[in-house]
$ cat final.cif   # mmCIF, C-alpha atoms
data_input
#
loop_
_atom_site.label_atom_id
_atom_site.label_comp_id
_atom_site.auth_asym_id
_atom_site.auth_seq_id
_atom_site.Cartn_x
_atom_site.Cartn_y
_atom_site.Cartn_z
CA MET Y 12 -102.03 103.63 -120.85
CA ALA Y 13 -100.07 106.75 -121.70
CA VAL Y 14 -102.62 109.10 -120.14
CA VAL Y 15 -102.17 107.63 -116.66
CA ASP Y 16 -98.40 107.66 -116.97
CA GLU Y 17 -98.48 111.26 -118.18
CA ILE Y 18 -100.40 112.41 -115.11
CA ARG Y 19 -98.31 110.35 -112.71
CA GLN Y 20 -95.11 111.85 -114.07
CA ALA Y 21 -96.43 115.41 -114.29
CA ASP Y 22 -97.90 115.61 -110.79
CA PRO Y 23 -98.01 112.36 -108.78
CA ARG Y 24 -99.96 113.98 -105.95
CA VAL Y 25 -102.27 116.93 -105.47
CA ALA Y 26 -100.35 120.08 -104.77
CA PRO Y 27 -101.10 121.69 -101.41
CA GLY Y 28 -103.89 124.20 -101.64
CA ARG Y 29 -107.19 125.31 -100.25
CA GLU Y 30 -109.03 122.66 -102.27
CA GLN Y 31 -107.68 119.94 -99.95
CA GLY Y 32 -109.17 121.38 -96.79
CA PRO Y 33 -112.80 121.76 -95.77
CA GLN Y 34 -112.86 125.33 -97.06
CA GLU Y 35 -114.08 125.84 -100.60
CA PRO Y 36 -111.92 127.53 -103.26
CA ASP Y 37 -112.38 131.27 -103.63
CA TRP Y 38 -114.02 130.93 -107.03
CA VAL Y 39 -116.77 128.73 -105.58
CA ILE Y 40 -117.57 131.33 -102.92
CA ARG Y 41 -117.68 134.07 -105.57
CA TYR Y 42 -119.90 131.91 -107.78
CA LEU Y 43 -122.39 131.32 -104.95
CA TYR Y 44 -122.50 135.01 -104.05
CA LEU Y 45 -123.20 135.80 -107.69
CA ALA Y 46 -125.98 133.19 -107.70
CA MET Y 47 -127.49 134.87 -104.62
CA ALA Y 48 -127.38 138.27 -106.32
CA LEU Y 49 -129.10 136.86 -109.41
CA ASP Y 50 -131.79 135.20 -107.28
CA LEU Y 51 -132.38 138.50 -105.48
CA LEU Y 52 -132.63 140.50 -108.71
CA SER Y 53 -134.85 137.87 -110.35
CA MET Y 54 -137.46 137.99 -107.60
CA LEU Y 55 -137.26 141.78 -107.38
CA ALA Y 56 -137.81 142.09 -111.13
CA ALA Y 57 -140.71 139.62 -110.98
CA GLY Y 58 -142.35 141.55 -108.14
CA ALA Y 59 -141.99 144.83 -110.03
CA ILE Y 60 -143.44 143.33 -113.23
CA ALA Y 61 -146.36 141.79 -111.33
CA PHE Y 62 -147.06 145.08 -109.56
CA VAL Y 63 -147.08 147.08 -112.81
CA LEU Y 64 -149.37 144.56 -114.51
CA ARG Y 65 -151.72 144.14 -111.55
CA PHE Y 66 -151.88 147.81 -110.53
CA PRO Y 67 -151.42 149.90 -113.69
CA GLY Y 68 -151.11 153.66 -113.43
CA MET Y 69 -149.72 155.76 -110.58
CA PRO Y 70 -149.45 153.99 -107.19
CA SER Y 71 -152.11 154.93 -104.65
CA ASP Y 72 -152.37 154.45 -100.90
CA PRO Y 73 -154.06 151.01 -101.19
CA ASP Y 74 -151.11 149.88 -103.31
CA LEU Y 75 -148.46 150.72 -100.69
CA PRO Y 76 -148.54 147.29 -98.97
CA TYR Y 77 -147.81 145.66 -102.33
CA ILE Y 78 -144.92 148.03 -102.94
CA ALA Y 79 -143.49 147.00 -99.57
CA PHE Y 80 -144.12 143.33 -100.36
CA THR Y 81 -142.34 143.72 -103.71
CA ILE Y 82 -139.27 144.96 -101.84
CA ILE Y 83 -139.48 142.35 -99.07
CA LEU Y 84 -140.19 139.40 -101.37
CA PRO Y 85 -136.58 139.00 -102.63
CA LEU Y 86 -135.32 139.18 -99.04
CA LEU Y 87 -137.63 136.28 -98.18
CA PHE Y 88 -136.61 134.31 -101.27
CA LEU Y 89 -132.92 134.01 -100.33
CA PRO Y 90 -133.46 132.44 -96.86
CA VAL Y 91 -136.00 130.03 -98.34
CA LEU Y 92 -133.49 128.97 -101.01
CA GLY Y 93 -130.90 128.57 -98.29
CA LEU Y 94 -133.34 126.39 -96.36
CA CYS Y 95 -133.75 124.27 -99.50
CA ARG Y 96 -129.93 124.05 -99.76
CA ALA Y 97 -129.84 125.74 -103.15
CA TYR Y 98 -126.41 127.20 -102.39
CA GLN Y 99 -124.53 123.96 -101.76
CA PRO Y 100 -121.07 123.99 -103.42
CA ARG Y 101 -121.42 120.39 -104.58
CA TYR Y 102 -124.24 121.40 -106.95
CA VAL Y 103 -122.14 124.03 -108.72
CA GLY Y 104 -121.76 123.48 -112.45
CA VAL Y 105 -123.18 119.98 -112.98
CA GLY Y 106 -126.49 118.16 -112.65
CA TRP Y 107 -130.10 119.21 -112.23
CA GLU Y 108 -130.18 119.22 -108.42
CA GLU Y 109 -129.34 122.94 -108.26
CA PHE Y 110 -132.36 123.80 -110.45
CA HIS Y 111 -134.57 121.34 -108.58
CA ARG Y 112 -133.79 123.04 -105.27
CA VAL Y 113 -134.47 126.52 -106.68
CA LEU Y 114 -137.83 125.26 -107.96
CA ARG Y 115 -138.54 123.72 -104.57
CA GLY Y 116 -137.70 127.03 -102.93
CA GLY Y 117 -140.16 128.86 -105.16
CA PHE Y 118 -142.97 126.45 -104.28
CA LEU Y 119 -142.11 126.67 -100.59
CA LEU Y 120 -142.23 130.47 -100.66
CA MET Y 121 -145.62 130.40 -102.39
CA SER Y 122 -146.91 128.03 -99.73
CA MET Y 123 -145.57 130.22 -96.94
CA VAL Y 124 -147.21 133.34 -98.37
CA ALA Y 125 -150.53 131.53 -98.78
CA ILE Y 126 -150.43 130.12 -95.24
CA ALA Y 127 -149.42 133.49 -93.74
CA ALA Y 128 -152.23 135.27 -95.60
CA TYR Y 129 -154.77 132.70 -94.41
CA ALA Y 130 -153.54 132.71 -90.80
CA THR Y 131 -153.57 136.49 -90.53
CA LYS Y 132 -156.74 136.84 -92.62
CA THR Y 133 -154.90 139.26 -94.88
CA GLU Y 134 -156.54 140.11 -98.17
CA VAL Y 135 -153.96 139.51 -100.88
CA ALA Y 136 -154.48 140.26 -104.56
CA ARG Y 137 -154.26 136.79 -106.04
CA GLY Y 138 -153.32 138.11 -109.46
CA TYR Y 139 -150.23 139.76 -108.00
CA VAL Y 140 -149.10 136.68 -106.07
CA VAL Y 141 -149.83 134.30 -108.96
CA MET Y 142 -147.68 136.43 -111.26
CA ALA Y 143 -144.85 137.46 -108.92
CA LEU Y 144 -143.81 134.20 -107.28
CA PRO Y 145 -143.86 131.83 -110.29
CA LEU Y 146 -142.26 134.50 -112.50
CA GLY Y 147 -139.55 135.13 -109.89
CA THR Y 148 -138.80 131.42 -109.67
CA PHE Y 149 -138.65 131.12 -113.45
CA LEU Y 150 -136.31 134.10 -113.76
CA ALA Y 151 -134.07 132.68 -111.03
CA LEU Y 152 -133.89 129.35 -112.87
CA LEU Y 153 -133.10 131.13 -116.13
CA ALA Y 154 -130.39 133.22 -114.43
CA ARG Y 155 -128.86 130.11 -112.84
CA TYR Y 156 -128.83 128.39 -116.24
CA ARG Y 157 -127.03 131.30 -117.87
CA LEU Y 158 -124.58 131.46 -114.99
CA ARG Y 159 -123.81 127.76 -115.40
CA LYS Y 160 -123.22 128.19 -119.14
CA TRP Y 161 -120.78 130.98 -118.33
CA LEU Y 162 -118.99 128.65 -115.92
CA HIS Y 163 -118.82 125.89 -118.53
CA LYS Y 164 -117.25 128.29 -121.00
CA LYS Y 165 -114.61 129.22 -118.44
CA ARG Y 166 -113.91 125.56 -117.73
CA TRP Y 167 -113.28 124.82 -121.39
CA ASN Y 168 -110.50 127.40 -121.08
CA GLY Y 169 -109.09 125.59 -118.03
CA GLN Y 170 -110.46 127.98 -115.39
CA TYR Y 171 -112.52 127.26 -112.26
CA MET Y 172 -111.49 123.62 -112.10
CA ARG Y 173 -111.27 121.35 -109.07
CA ARG Y 174 -107.96 119.52 -108.60
CA VAL Y 175 -108.69 115.86 -107.90
CA ILE Y 176 -106.97 112.47 -107.70
CA ALA Y 177 -108.32 109.49 -109.65
CA VAL Y 178 -108.40 106.27 -107.61
CA GLY Y 179 -108.99 102.80 -109.06
CA HIS Y 180 -107.67 100.18 -111.43
CA ARG Y 181 -105.56 101.36 -114.34
CA THR Y 182 -108.17 100.75 -117.07
CA SER Y 183 -111.01 102.49 -115.23
CA VAL Y 184 -108.78 105.42 -114.31
CA GLU Y 185 -107.67 105.71 -117.93
CA ASP Y 186 -111.31 105.84 -119.07
CA LEU Y 187 -112.16 108.40 -116.41
CA ILE Y 188 -109.29 110.68 -117.44
CA LYS Y 189 -110.32 110.54 -121.10
CA LEU Y 190 -113.95 111.26 -120.21
CA LEU Y 191 -113.14 114.29 -118.06
CA ARG Y 192 -110.79 115.65 -120.70
CA GLN Y 193 -113.55 115.40 -123.30
CA LYS Y 194 -116.21 116.89 -120.98
CA ARG Y 195 -114.36 119.63 -119.15
CA TYR Y 196 -117.60 121.25 -118.04
CA HIS Y 197 -117.61 118.75 -115.16
CA GLY Y 198 -114.84 120.92 -113.75
CA MET Y 199 -112.49 118.15 -112.58
CA ASP Y 200 -108.80 118.45 -113.34
CA ILE Y 201 -107.09 115.15 -112.52
CA VAL Y 202 -103.62 115.99 -111.23
CA GLY Y 203 -102.73 112.60 -109.78
CA VAL Y 204 -103.67 108.93 -109.83
CA CYS Y 205 -103.73 106.27 -107.15
CA LEU Y 206 -103.48 102.67 -108.42
CA PRO Y 207 -103.47 99.39 -106.48
CA PRO Y 208 -99.89 98.48 -105.40
CA ALA Y 209 -99.67 95.53 -107.76
CA LEU Y 210 -100.54 97.77 -110.72
CA ALA Y 211 -98.74 100.97 -109.79
CA SER Y 212 -95.49 99.73 -111.32
CA GLY Y 213 -97.15 99.36 -114.72
CA ASP Y 214 -98.34 95.72 -114.59
CA ASP Y 215 -101.76 95.61 -116.24
CA ALA Y 216 -102.53 92.11 -115.05
#
$ encode --input "final.cif" --output "structure tokens"
Amino acid sequence: MAVVDEIRQADPRVAPGREQGPQEPDWVIRYLYLAMALDLLSMLAAGAIAFVLRFPGMPSDPDLPYIAFTIILPLLFLPVLGLCRAYQPRYVGVGWEEFHRVLRGGFLLMSMVAIAAYATKTEVARGYVVMALPLGTFLALLARYRLRKWLHKKRWNGQYMRRVIAVGHRTSVEDLIKLLRQKRYHGMDIVGVCLPPALASGDDA
């Protein structure tokens, strides 16, 4: 069980730092702000593409509400994603929940636009809405995927890792350490281990 002993000798406990408290590390905050910026740009680009395709040529007075909506749409998208908890730190870097919540946010925004148009009896060009909202959601998902791949690349180089302690029996902790060293994209850097008292001295029984 050399891996466990190596970690125990190198750093038997987590060094004091911001990761221990309730506040997230700085890199997580920066990552989430970057995700917000990408979501904003994705929906803005989708609105612009939908406008150009739906209303070709020079904009006219009847098109002005759609120009305004194209600008407002990204500003609506971010709060909806926040409502769907798409910016939770625990979803950063691993799993499909982050993408699932972005997709849920896109569907929720489409539903809100449809309900608002019906309630206010506003005539909305369906072609514009059908193109803009799904395309914006797709672009946001694609941007999130690329952002995650960038994060995984950084983690293979030892950056943007979370410092954690492995707790459990010696064999299971050994397996966990080997797994996380092979799959560094999980972003967990085990800096200490906590074994049951009877096993901490090195007794594998």
$ residues_near_point --input "final.cif" --point "(-133.8, 137.0, -100.9)" --cutoff "9 Å" --atoms "all atoms listed in the file" --output "MDAnalysis selection string"
chainID Y and resid 47:48 50:52 54:55 83:92
$ closest_residue --input "final.cif" --among "Y:Phe118, Y:Tyr139, Y:Tyr98, Y:Tyr44" --to "Leu64 of chain Y" --atoms "only C-alpha atoms"
Y:Tyr139
$ closest_residue --input "final.cif" --among "Y:Pro76, Y:Pro36, Y:Gly116, Y:Gly169" --to "Thr133 of chain Y" --atoms "only C-alpha atoms"
Y:Pro76
$ resolve_selection --input "final.cif" --expression "the PyMOL selection byres ((chain Y and resi 180) around 8)" --output "list in words"
Val178, Gly179, Arg181, Thr182, Ser183, Val184, Leu206, Pro207 and Leu210 of chain Y
$ atom_distance --input "final.cif" --atom1 "atom CA of Arg115 of chain Y" --atom2 "atom CA of Leu94 of chain Y"
10.1 Å
$ atom_distance --input "final.cif" --atom1 "atom CA of Ala57 of chain Y" --atom2 "atom CA of Leu144 of chain Y"
7.3 Å
